[in-house]
>>> print(open('protein_23.pdb').read())   # PDB, C-alpha atoms and all ligand atoms
ATOM      1  CA  MET A   1      17.243  -6.490 -13.112
ATOM      2  CA  LYS A   2      16.252 -10.110 -12.413
ATOM      3  CA  ILE A   3      12.867  -9.903 -10.654
ATOM      4  CA  ALA A   4      11.122 -12.729  -8.779
ATOM      5  CA  LEU A   5       7.356 -12.293  -8.378
ATOM      6  CA  ILE A   6       5.603 -13.698  -5.323
ATOM      7  CA  GLY A   7       1.906 -13.513  -6.123
ATOM      8  CA  TYR A   8       0.841 -13.883  -9.753
ATOM      9  CA  GLY A   9      -2.627 -12.423  -9.575
ATOM     10  CA  LYS A  10      -4.026  -9.091 -10.768
ATOM     11  CA  MET A  11      -1.016  -7.117  -9.529
ATOM     12  CA  GLY A  12       1.602  -9.768 -10.306
ATOM     13  CA  LYS A  13       0.554  -9.991 -13.945
ATOM     14  CA  THR A  14       0.389  -6.195 -14.335
ATOM     15  CA  ILE A  15       3.838  -5.826 -12.755
ATOM     16  CA  GLU A  16       5.235  -8.541 -15.046
ATOM     17  CA  ARG A  17       4.108  -6.628 -18.132
ATOM     18  CA  ILE A  18       5.437  -3.286 -16.945
ATOM     19  CA  ALA A  19       8.736  -4.741 -15.686
ATOM     20  CA  GLU A  20       9.420  -6.491 -19.003
ATOM     21  CA  SER A  21       8.545  -3.311 -20.897
ATOM     22  CA  ARG A  22      11.287  -1.597 -18.869
ATOM     23  CA  GLY A  23      13.833  -4.286 -19.849
ATOM     24  CA  HIS A  24      13.747  -6.387 -16.686
ATOM     25  CA  GLU A  25      13.676 -10.216 -16.604
ATOM     26  CA  ILE A  26      11.096 -12.133 -14.552
ATOM     27  CA  VAL A  27      12.997 -15.136 -13.149
ATOM     28  CA  ALA A  28      10.210 -16.666 -10.967
ATOM     29  CA  ARG A  29       6.419 -16.427 -10.650
ATOM     30  CA  ILE A  30       5.703 -17.967  -7.251
ATOM     31  CA  ASP A  31       2.001 -18.592  -6.746
ATOM     32  CA  PRO A  32      -0.400 -21.508  -6.032
ATOM     33  CA  PHE A  33      -2.175 -20.318  -9.189
ATOM     34  CA  ASN A  34       0.667 -21.555 -11.420
ATOM     35  CA  GLY A  35       2.244 -24.084  -9.056
ATOM     36  CA  GLU A  36       5.617 -22.368  -8.629
ATOM     37  CA  ASP A  37       7.107 -22.210  -5.118
ATOM     38  CA  PHE A  38      10.367 -21.050  -3.515
ATOM     39  CA  SER A  39      12.199 -23.999  -5.125
ATOM     40  CA  ALA A  40      11.763 -22.192  -8.433
ATOM     41  CA  SER A  41      15.250 -22.158  -9.965
ATOM     42  CA  GLY A  42      15.166 -18.442 -10.661
ATOM     43  CA  PHE A  43      14.194 -17.363  -7.147
ATOM     44  CA  PRO A  44      17.651 -17.417  -5.508
ATOM     45  CA  LYS A  45      19.190 -15.696  -8.574
ATOM     46  CA  ALA A  46      16.821 -12.705  -8.372
ATOM     47  CA  ASP A  47      18.147  -9.210  -7.719
ATOM     48  CA  VAL A  48      14.835  -8.236  -6.068
ATOM     49  CA  VAL A  49      11.498  -9.813  -5.129
ATOM     50  CA  ILE A  50       8.173  -8.064  -5.732
ATOM     51  CA  GLU A  51       5.460  -9.489  -3.475
ATOM     52  CA  PHE A  52       1.716  -8.891  -3.867
ATOM     53  CA  THR A  53      -0.253 -11.752  -2.273
ATOM     54  CA  ARG A  54      -2.660 -11.894   0.662
ATOM     55  CA  PRO A  55      -2.569 -10.461   4.204
ATOM     56  CA  GLU A  56      -2.118 -13.880   5.808
ATOM     57  CA  ALA A  57       0.674 -14.946   3.434
ATOM     58  CA  ALA A  58       2.899 -11.885   3.346
ATOM     59  CA  TYR A  59       5.046 -12.285   6.473
ATOM     60  CA  ASP A  60       6.136 -15.874   5.706
ATOM     61  CA  ASN A  61       6.942 -14.801   2.150
ATOM     62  CA  TYR A  62       9.189 -12.051   3.483
ATOM     63  CA  MET A  63      10.996 -14.505   5.769
ATOM     64  CA  ALA A  64      11.621 -16.840   2.801
ATOM     65  CA  CYS A  65      13.190 -13.913   0.922
ATOM     66  CA  PHE A  66      15.303 -12.806   3.874
ATOM     67  CA  LYS A  67      16.738 -16.362   4.143
ATOM     68  CA  HIS A  68      18.315 -15.672   0.714
ATOM     69  CA  ASN A  69      19.124 -12.034   1.643
ATOM     70  CA  LEU A  70      16.868 -10.932  -1.231
ATOM     71  CA  PRO A  71      15.556  -7.328  -1.165
ATOM     72  CA  VAL A  72      11.754  -7.261  -1.025
ATOM     73  CA  VAL A  73       9.296  -4.774  -2.527
ATOM     74  CA  SER A  74       5.846  -5.518  -1.143
ATOM     75  CA  GLY A  75       2.440  -3.948  -1.653
ATOM     76  CA  THR A  76       0.422  -6.587   0.152
ATOM     77  CA  THR A  77      -1.796  -4.896   2.757
ATOM     78  CA  GLY A  78      -3.369  -6.072   6.004
ATOM     79  CA  TRP A  79      -0.255  -7.403   7.791
ATOM     80  CA  LEU A  80       1.130  -4.264   9.494
ATOM     81  CA  ASP A  81       0.902  -5.828  12.959
ATOM     82  CA  LYS A  82       4.174  -7.545  11.944
ATOM     83  CA  LEU A  83       5.833  -4.281  10.823
ATOM     84  CA  PRO A  84       8.087  -3.879  13.911
ATOM     85  CA  ASP A  85       9.584  -7.327  13.225
ATOM     86  CA  ILE A  86      10.220  -6.442   9.578
ATOM     87  CA  LYS A  87      11.936  -3.197  10.613
ATOM     88  CA  ALA A  88      14.096  -5.196  13.057
ATOM     89  CA  HIS A  89      15.210  -7.444  10.165
ATOM     90  CA  CYS A  90      16.131  -4.287   8.224
ATOM     91  CA  GLU A  91      18.234  -3.048  11.137
ATOM     92  CA  LYS A  92      20.147  -6.345  10.827
ATOM     93  CA  GLY A  93      20.887  -5.795   7.130
ATOM     94  CA  GLN A  94      17.781  -6.769   5.135
ATOM     95  CA  THR A  95      16.180  -4.438   2.555
ATOM     96  CA  PHE A  96      12.401  -4.034   2.511
ATOM     97  CA  PHE A  97      10.349  -1.492   0.570
ATOM     98  CA  TYR A  98       6.691  -1.247   1.631
ATOM     99  CA  ALA A  99       3.918   0.998   0.402
ATOM    100  CA  SER A 100       0.195   0.714   1.085
ATOM    101  CA  ASN A 101      -0.095   2.359  -2.320
ATOM    102  CA  PHE A 102       2.705   2.559  -4.893
ATOM    103  CA  SER A 103       1.009   5.003  -7.252
ATOM    104  CA  VAL A 104       2.658   8.421  -7.532
ATOM    105  CA  GLY A 105      -0.809  10.016  -7.686
ATOM    106  CA  VAL A 106      -1.863   8.508  -4.369
ATOM    107  CA  ASN A 107       1.398   9.585  -2.738
ATOM    108  CA  ILE A 108       0.733  13.140  -3.900
ATOM    109  CA  PHE A 109      -2.765  12.682  -2.448
ATOM    110  CA  PHE A 110      -1.180  11.533   0.847
ATOM    111  CA  GLU A 111       0.773  14.810   1.008
ATOM    112  CA  LEU A 112      -2.361  16.846   0.108
ATOM    113  CA  ASN A 113      -4.229  15.039   2.896
ATOM    114  CA  ARG A 114      -1.524  15.894   5.437
ATOM    115  CA  GLN A 115      -1.437  19.571   4.425
ATOM    116  CA  LEU A 116      -5.246  19.943   4.484
ATOM    117  CA  ALA A 117      -5.435  18.164   7.863
ATOM    118  CA  ARG A 118      -2.961  20.667   9.332
ATOM    119  CA  LEU A 119      -5.179  23.538   8.080
ATOM    120  CA  MET A 120      -8.345  21.892   9.462
ATOM    121  CA  ASN A 121      -6.824  21.210  12.890
ATOM    122  CA  THR A 122      -8.005  24.647  14.073
ATOM    123  CA  GLN A 123     -11.430  24.343  12.396
ATOM    124  CA  ALA A 124     -13.457  22.347  14.939
ATOM    125  CA  ASP A 125     -16.726  23.216  13.140
ATOM    126  CA  TYR A 126     -15.815  20.602  10.486
ATOM    127  CA  LYS A 127     -16.461  16.883  10.916
ATOM    128  CA  VAL A 128     -14.098  14.633   8.917
ATOM    129  CA  GLY A 129     -14.861  11.225   7.408
ATOM    130  CA  MET A 130     -13.551   8.935   4.666
ATOM    131  CA  THR A 131     -14.868   6.539   2.044
ATOM    132  CA  GLU A 132     -12.887   3.917   0.099
ATOM    133  CA  VAL A 133     -14.278   1.896  -2.816
ATOM    134  CA  HIS A 134     -12.623  -1.256  -4.244
ATOM    135  CA  HIS A 135     -13.431  -4.310  -6.348
ATOM    136  CA  THR A 136     -15.432  -7.152  -4.859
ATOM    137  CA  GLN A 137     -12.387  -9.495  -4.756
ATOM    138  CA  LYS A 138     -10.578  -7.390  -2.155
ATOM    139  CA  LEU A 139     -10.046  -9.436   1.023
ATOM    140  CA  ASP A 140      -9.178  -6.720   3.527
ATOM    141  CA  ALA A 141     -11.153  -3.690   4.744
ATOM    142  CA  PRO A 142     -10.493  -0.880   5.146
ATOM    143  CA  SER A 143      -7.868  -0.593   2.439
ATOM    144  CA  GLY A 144      -4.244  -0.092   3.408
ATOM    145  CA  THR A 145      -4.404   3.246   1.612
ATOM    146  CA  ALA A 146      -7.383   4.339   3.716
ATOM    147  CA  ILE A 147      -5.547   3.344   6.903
ATOM    148  CA  SER A 148      -2.518   5.397   5.821
ATOM    149  CA  LEU A 149      -4.792   8.389   5.142
ATOM    150  CA  ALA A 150      -6.596   7.988   8.480
ATOM    151  CA  GLU A 151      -3.336   7.700  10.418
ATOM    152  CA  ASP A 152      -2.167  10.991   8.882
ATOM    153  CA  LEU A 153      -5.476  12.629   9.868
ATOM    154  CA  ILE A 154      -5.030  11.396  13.463
ATOM    155  CA  GLU A 155      -1.438  12.658  13.478
ATOM    156  CA  ASN A 156      -2.459  16.170  12.363
ATOM    157  CA  ILE A 157      -5.920  16.719  13.861
ATOM    158  CA  ASP A 158      -5.813  16.917  17.664
ATOM    159  CA  ARG A 159      -9.544  16.181  18.072
ATOM    160  CA  LYS A 160      -9.147  12.756  16.440
ATOM    161  CA  ASP A 161      -7.425   9.744  18.060
ATOM    162  CA  LYS A 162      -8.573   6.607  16.176
ATOM    163  CA  TRP A 163     -10.288   5.317  13.061
ATOM    164  CA  GLU A 164     -13.238   2.904  12.898
ATOM    165  CA  LEU A 165     -14.582   0.773  10.054
ATOM    166  CA  ASP A 166     -18.140   1.596   8.930
ATOM    167  CA  LYS A 167     -19.067   3.279  12.236
ATOM    168  CA  GLN A 168     -18.225   6.245  14.486
ATOM    169  CA  SER A 169     -18.579   5.375  18.158
ATOM    170  CA  SER A 170     -17.290   8.738  19.400
ATOM    171  CA  ASP A 171     -16.452  12.256  18.201
ATOM    172  CA  LYS A 172     -12.767  11.330  18.486
ATOM    173  CA  ALA A 173     -13.139   8.567  15.893
ATOM    174  CA  ILE A 174     -12.790   8.912  12.112
ATOM    175  CA  GLU A 175     -15.251   6.696  10.222
ATOM    176  CA  ILE A 176     -13.855   4.860   7.204
ATOM    177  CA  LYS A 177     -16.710   3.636   4.997
ATOM    178  CA  ALA A 178     -15.517   0.646   2.902
ATOM    179  CA  ILE A 179     -17.543  -0.135  -0.218
ATOM    180  CA  ARG A 180     -16.950  -3.175  -2.470
ATOM    181  CA  GLU A 181     -18.228  -2.780  -6.033
ATOM    182  CA  GLY A 182     -17.486  -4.446  -9.388
ATOM    183  CA  ASP A 183     -13.838  -4.195 -10.487
ATOM    184  CA  VAL A 184     -13.118  -0.741  -9.036
ATOM    185  CA  PRO A 185      -9.293  -0.384  -8.873
ATOM    186  CA  GLY A 186      -9.373   2.032  -5.929
ATOM    187  CA  ILE A 187     -11.197   5.252  -4.950
ATOM    188  CA  HIS A 188     -10.429   7.250  -1.792
ATOM    189  CA  THR A 189     -12.433  10.312  -0.679
ATOM    190  CA  ILE A 190     -11.967  12.499   2.417
ATOM    191  CA  LYS A 191     -14.757  14.895   3.335
ATOM    192  CA  TYR A 192     -14.805  17.747   5.839
ATOM    193  CA  GLU A 193     -18.364  18.903   6.563
ATOM    194  CA  SER A 194     -19.670  21.867   8.546
ATOM    195  CA  GLU A 195     -23.150  23.337   8.984
ATOM    196  CA  VAL A 196     -22.490  25.700   6.085
ATOM    197  CA  ASP A 197     -20.267  23.824   3.596
ATOM    198  CA  GLU A 198     -18.218  20.764   2.599
ATOM    199  CA  ILE A 199     -14.577  20.387   1.530
ATOM    200  CA  THR A 200     -13.729  17.121  -0.289
ATOM    201  CA  ILE A 201     -10.489  15.678  -1.666
ATOM    202  CA  HIS A 202     -10.625  12.622  -3.897
ATOM    203  CA  HIS A 203      -8.318  10.156  -5.694
ATOM    204  CA  SER A 204      -9.588   7.641  -8.213
ATOM    205  CA  ALA A 205      -7.344   5.049  -9.881
ATOM    206  CA  LYS A 206      -8.357   4.343 -13.499
ATOM    207  CA  SER A 207      -6.562   0.961 -13.508
ATOM    208  CA  ARG A 208      -3.826  -0.950 -11.665
ATOM    209  CA  GLU A 209      -1.137   0.514 -13.973
ATOM    210  CA  GLY A 210      -0.153   3.254 -11.522
ATOM    211  CA  PHE A 211       0.247   0.839  -8.627
ATOM    212  CA  ALA A 212       2.325  -1.564 -10.744
ATOM    213  CA  LEU A 213       4.560   1.113 -12.288
ATOM    214  CA  GLY A 214       5.302   2.501  -8.831
ATOM    215  CA  ALA A 215       6.224  -0.975  -7.572
ATOM    216  CA  VAL A 216       8.639  -1.563 -10.473
ATOM    217  CA  ILE A 217      10.271   1.852  -9.942
ATOM    218  CA  ALA A 218      10.560   0.958  -6.242
ATOM    219  CA  ALA A 219      12.315  -2.284  -7.233
ATOM    220  CA  GLU A 220      14.782  -0.237  -9.323
ATOM    221  CA  PHE A 221      15.248   2.061  -6.291
ATOM    222  CA  THR A 222      16.255  -0.908  -4.079
ATOM    223  CA  ALA A 223      19.268  -1.512  -6.367
ATOM    224  CA  LYS A 224      20.861   1.663  -4.958
ATOM    225  CA  ASN A 225      19.298   1.852  -1.473
ATOM    226  CA  LYS A 226      19.232  -0.425   1.556
ATOM    227  CA  GLY A 227      17.246  -0.906   4.764
ATOM    228  CA  PHE A 228      13.554  -0.093   5.345
ATOM    229  CA  LEU A 229      12.459   1.978   2.363
ATOM    230  CA  THR A 230       9.255   3.946   1.684
ATOM    231  CA  MET A 231       7.753   6.100  -1.082
ATOM    232  CA  LYS A 232       8.740   9.255   0.841
ATOM    233  CA  GLU A 233      12.453   8.437   0.339
ATOM    234  CA  MET A 234      11.907   7.477  -3.314
ATOM    235  CA  LEU A 235       9.764  10.510  -4.226
ATOM    236  CA  LYS A 236      11.795  12.832  -1.985
ATOM    237  CA  PHE A 237       8.623  14.320  -0.431
TER
HETATM  238  N1  LIG B 301       0.398  -1.281  -2.416
HETATM  239  C1  LIG B 301      -0.262  -1.150  -3.570
HETATM  240  O1  LIG B 301      -0.007  -0.224  -4.375
HETATM  241  C2  LIG B 301      -1.306  -2.159  -3.910
HETATM  242  C3  LIG B 301      -1.551  -3.184  -3.044
HETATM  243  N2  LIG B 301      -2.418  -4.181  -3.375
HETATM  244  C4  LIG B 301      -2.501  -5.294  -2.427
HETATM  245  O2  LIG B 301      -1.810  -6.395  -3.001
HETATM  246  C5  LIG B 301      -2.400  -7.624  -2.598
HETATM  247  C6  LIG B 301      -2.710  -8.456  -3.832
HETATM  248  O3  LIG B 301      -3.623  -7.760  -4.629
HETATM  249  P1  LIG B 301      -4.108  -8.440  -6.018
HETATM  250  O4  LIG B 301      -2.955  -8.750  -6.881
HETATM  251  O5  LIG B 301      -5.193  -7.575  -6.537
HETATM  252  O6  LIG B 301      -4.746  -9.800  -5.476
HETATM  253  P2  LIG B 301      -4.953 -11.168  -6.274
HETATM  254  O7  LIG B 301      -5.801 -12.035  -5.414
HETATM  255  O8  LIG B 301      -5.358 -10.879  -7.676
HETATM  256  O9  LIG B 301      -3.468 -11.795  -6.353
HETATM  257  C7  LIG B 301      -2.844 -12.368  -5.238
HETATM  258  C8  LIG B 301      -2.170 -13.657  -5.706
HETATM  259  O10 LIG B 301      -1.348 -14.148  -4.653
HETATM  260  C9  LIG B 301      -1.554 -15.558  -4.577
HETATM  261  N3  LIG B 301      -1.143 -16.062  -3.280
HETATM  262  C10 LIG B 301      -1.893 -16.271  -2.184
HETATM  263  N4  LIG B 301      -1.122 -16.733  -1.193
HETATM  264  C11 LIG B 301       0.139 -16.843  -1.699
HETATM  265  C12 LIG B 301       1.390 -17.256  -1.171
HETATM  266  N5  LIG B 301       1.504 -17.709   0.094
HETATM  267  N6  LIG B 301       2.479 -17.218  -1.965
HETATM  268  C13 LIG B 301       2.372 -16.822  -3.245
HETATM  269  N7  LIG B 301       1.211 -16.399  -3.810
HETATM  270  C14 LIG B 301       0.120 -16.415  -3.025
HETATM  271  C15 LIG B 301      -3.023 -15.700  -4.861
HETATM  272  O11 LIG B 301      -3.321 -17.038  -5.174
HETATM  273  P3  LIG B 301      -4.776 -17.581  -4.729
HETATM  274  O12 LIG B 301      -5.793 -16.732  -5.458
HETATM  275  O13 LIG B 301      -4.745 -19.031  -5.187
HETATM  276  O14 LIG B 301      -4.849 -17.422  -3.246
HETATM  277  C16 LIG B 301      -3.186 -14.745  -6.029
HETATM  278  O15 LIG B 301      -2.869 -15.377  -7.260
HETATM  279  C17 LIG B 301      -3.589  -7.229  -1.715
HETATM  280  O16 LIG B 301      -3.169  -7.240  -0.373
HETATM  281  C18 LIG B 301      -3.870  -5.781  -2.123
HETATM  282  O17 LIG B 301      -4.431  -5.008  -1.059
HETATM  283  C19 LIG B 301      -3.107  -4.194  -4.560
HETATM  284  C20 LIG B 301      -2.917  -3.166  -5.450
HETATM  285  C21 LIG B 301      -2.012  -2.048  -5.183
HETATM  286  O1  LIG B 302      -6.665  -4.508  -3.183
HETATM  287  C1  LIG B 302      -6.491  -3.584  -4.037
HETATM  288  O2  LIG B 302      -6.865  -3.635  -5.231
HETATM  289  C2  LIG B 302      -5.765  -2.380  -3.574
HETATM  290  N1  LIG B 302      -5.228  -2.421  -2.384
HETATM  291  C3  LIG B 302      -4.389  -1.410  -1.838
HETATM  292  C4  LIG B 302      -4.951  -0.943  -0.512
HETATM  293  O3  LIG B 302      -5.423  -1.833   0.255
HETATM  294  O4  LIG B 302      -4.875   0.274  -0.261
HETATM  295  C5  LIG B 302      -4.026  -0.314  -2.812
HETATM  296  C6  LIG B 302      -5.074   0.016  -3.829
HETATM  297  O5  LIG B 302      -6.068   0.823  -3.246
HETATM  298  C7  LIG B 302      -5.644  -1.207  -4.475
END
>>> encode(input="protein_23.pdb", output="structure tokens", more="lines below")
Ligand SMILES: NC(=O)C1=CN([C@@H]2O[C@H](COP(=O)(O)OP(=O)(O)OC[C@H]3O[C@@H](n4cnc5c(N)ncnc54)[C@H](OP(=O)(O)O)[C@@H]3O)[C@@H](O)[C@H]2O)C=CC1
Ligand SMILES: O=C(O)C1=N[C@H](C(=O)O)C[C@H](O)C1
Amino acid sequence: MKIALIGYGKMGKTIERIAESRGHEIVARIDPFNGEDFSASGFPKADVVIEFTRPEAAYDNYMACFKHNLPVVSGTTGWLDKLPDIKAHCEKGQTFFYASNFSVGVNIFFELNRQLARLMNTQADYKVGMTEVHHTQKLDAPSGTAISLAEDLIENIDRKDKWELDKQSSDKAIEIKAIREGDVPGIHTIKYESEVDEITIHHSAKSREGFALGAVIAAEFTAKNKGFLTMKEMLKF
């Protein structure tokens, strides 16, 4: 496939390497870092765009892609307030694949979280909380992955109805502690605690390889699928 990258930072460079190792061609690297913009000659010729930028940049990038009817695979987090508009564009024929986390391991962890939450719904003696740890360059908090995990807890545990960052103002809230440390790729921990014991589930990324490989496989998936796409469809969970 011909892949255009929007965002040529930590994820963009990792995706470039993995995509080329799988025989794909990078036709544009759009980023202030290297001065390329949407006038890049390769951009309109791309089969798919992979976008990993910043929360405040993502939506306009998607609109630029949709103008060329280019399918988008995006991992940028922190923009989900615009999600209904993106889904509306998909209902009118655009293709958009979003994941807060593209790693297969984290998506298995998502399913584990949902199953454990359903078990713990009847166990009111347990308090539930979450911690996420990322590198010090991360702009958003909590992580998109942590928000996905918290939303699944709220969906499956009746005694919980919202999440809060670094606090818990009521028993109905789930606290997400966000820690920024060194170059940590991404650690997510969910703990259930009672008076007599603790149950903890944990995912720790060793590098950005898993995120990038998942994004490239998602780009390959868009070649045969249309509309609003997610990891659930791709992994058939
Ligand atoms: N879904 C997933 O699996 C994963 C998601 N992410 C998310 O991806 C995003 C990027 O992460 P990461 O690569 O580590 O961040 P980086 O800061 O390393 O890379 C982002 C790049 O995008 C550039 N950029 C900023 N604005 C624009 C724009 N308007 N158009 C094009 N490029 C732009 C930045 O340039 P400059 O520095 O000059 O602003 C930077 O080079 C974050 O939102 C992060 O949460 C990260 C890993 C996995
Ligand atoms: O910014 C990062 O690095 C990551 N961001 C994503 C998120 O916000 O969940 C995915 C991963 O945890 C790495």
>>> closest_residue(input="protein_23.pdb", among="A:Lys162, A:Arg114, A:Lys10, A:His68", to="ligand LIG 301 (chain B)", atoms="only C-alpha atoms and all ligand atoms")
A:Lys10
>>> closest_residue(input="protein_23.pdb", among="A:Leu80, A:Arg180, A:Glu220, A:Ile30", to="Gln137 in chain A", atoms="only C-alpha atoms")
A:Arg180
>>> residues_near_ligand(input="protein_23.pdb", ligand="ligand LIG 302 (chain B)", cutoff="8 Å", atoms="all atoms listed in the file", output="number ranges by chain")
A: 75-78, 100-102, 134-135, 137-147, 184-188, 205, 208, 211
>>> residues_around(input="protein_23.pdb", residues="Ile201 in chain A", least_positions_apart="6", cutoff="8 Å", atoms="only C-alpha atoms", output="ChimeraX atom specification")
/A:113,189-191
>>> atom_distance(input="protein_23.pdb", atom1="CA of Gly42 in chain A", atom2="CA of Ile6 in chain A")
11.9 Å
>>> residues_around(input="protein_23.pdb", residues="Met11 in chain A", least_positions_apart="3", cutoff="8 Å", atoms="all atoms listed in the file", output="mmCIF file with C-alpha atoms, in the frame of the given file")
data_model
loop_
_atom_site.group_PDB
_atom_site.id
_atom_site.type_symbol
_atom_site.label_atom_id
_atom_site.label_comp_id
_atom_site.auth_asym_id
_atom_site.auth_seq_id
_atom_site.Cartn_x
_atom_site.Cartn_y
_atom_site.Cartn_z
ATOM 1 C CA GLY A 7 1.906 -13.513 -6.123
ATOM 2 C CA TYR A 8 0.841 -13.883 -9.753
ATOM 3 C CA THR A 14 0.389 -6.195 -14.335
ATOM 4 C CA ILE A 15 3.838 -5.826 -12.755
ATOM 5 C CA PHE A 52 1.716 -8.891 -3.867
ATOM 6 C CA ARG A 208 -3.826 -0.950 -11.665
ATOM 7 C CA ALA A 212 2.325 -1.564 -10.744
#
>>> atom_distance(input="protein_23.pdb", atom1="CA of Ile176 in chain A", atom2="CA of Ile154 in chain A")
12.6 Å
>>> atom_distance(input="protein_23.pdb", atom1="CA of Leu149 in chain A", atom2="atom O14 of ligand LIG 301 (chain B)")
27.1 Å
>>> residues_around(input="protein_23.pdb", residues="Ala124 in chain A", least_positions_apart="3", cutoff="9 Å", atoms="only C-alpha atoms", output="PDB file with C-alpha atoms, keeping the file's coordinate frame")
ATOM      1  CA  MET A 120      -8.345  21.892   9.462  1.00  0.00           C
ATOM      2  CA  ASN A 121      -6.824  21.210  12.890  1.00  0.00           C
ATOM      3  CA  LYS A 127     -16.461  16.883  10.916  1.00  0.00           C
ATOM      4  CA  ARG A 159      -9.544  16.181  18.072  1.00  0.00           C
ATOM      5  CA  SER A 194     -19.670  21.867   8.546  1.00  0.00           C
TER       6      SER A 194
END
>>> axis_aligned_box(input="protein_23.pdb", around="ligand LIG 301 (chain B)", padding_each_side="3 Å", output="lines of an AutoDock Vina configuration file")
center_x = -1.7
center_y = -9.6
center_z = -3.8
size_x = 14.3
size_y = 24.8
size_z = 13.8
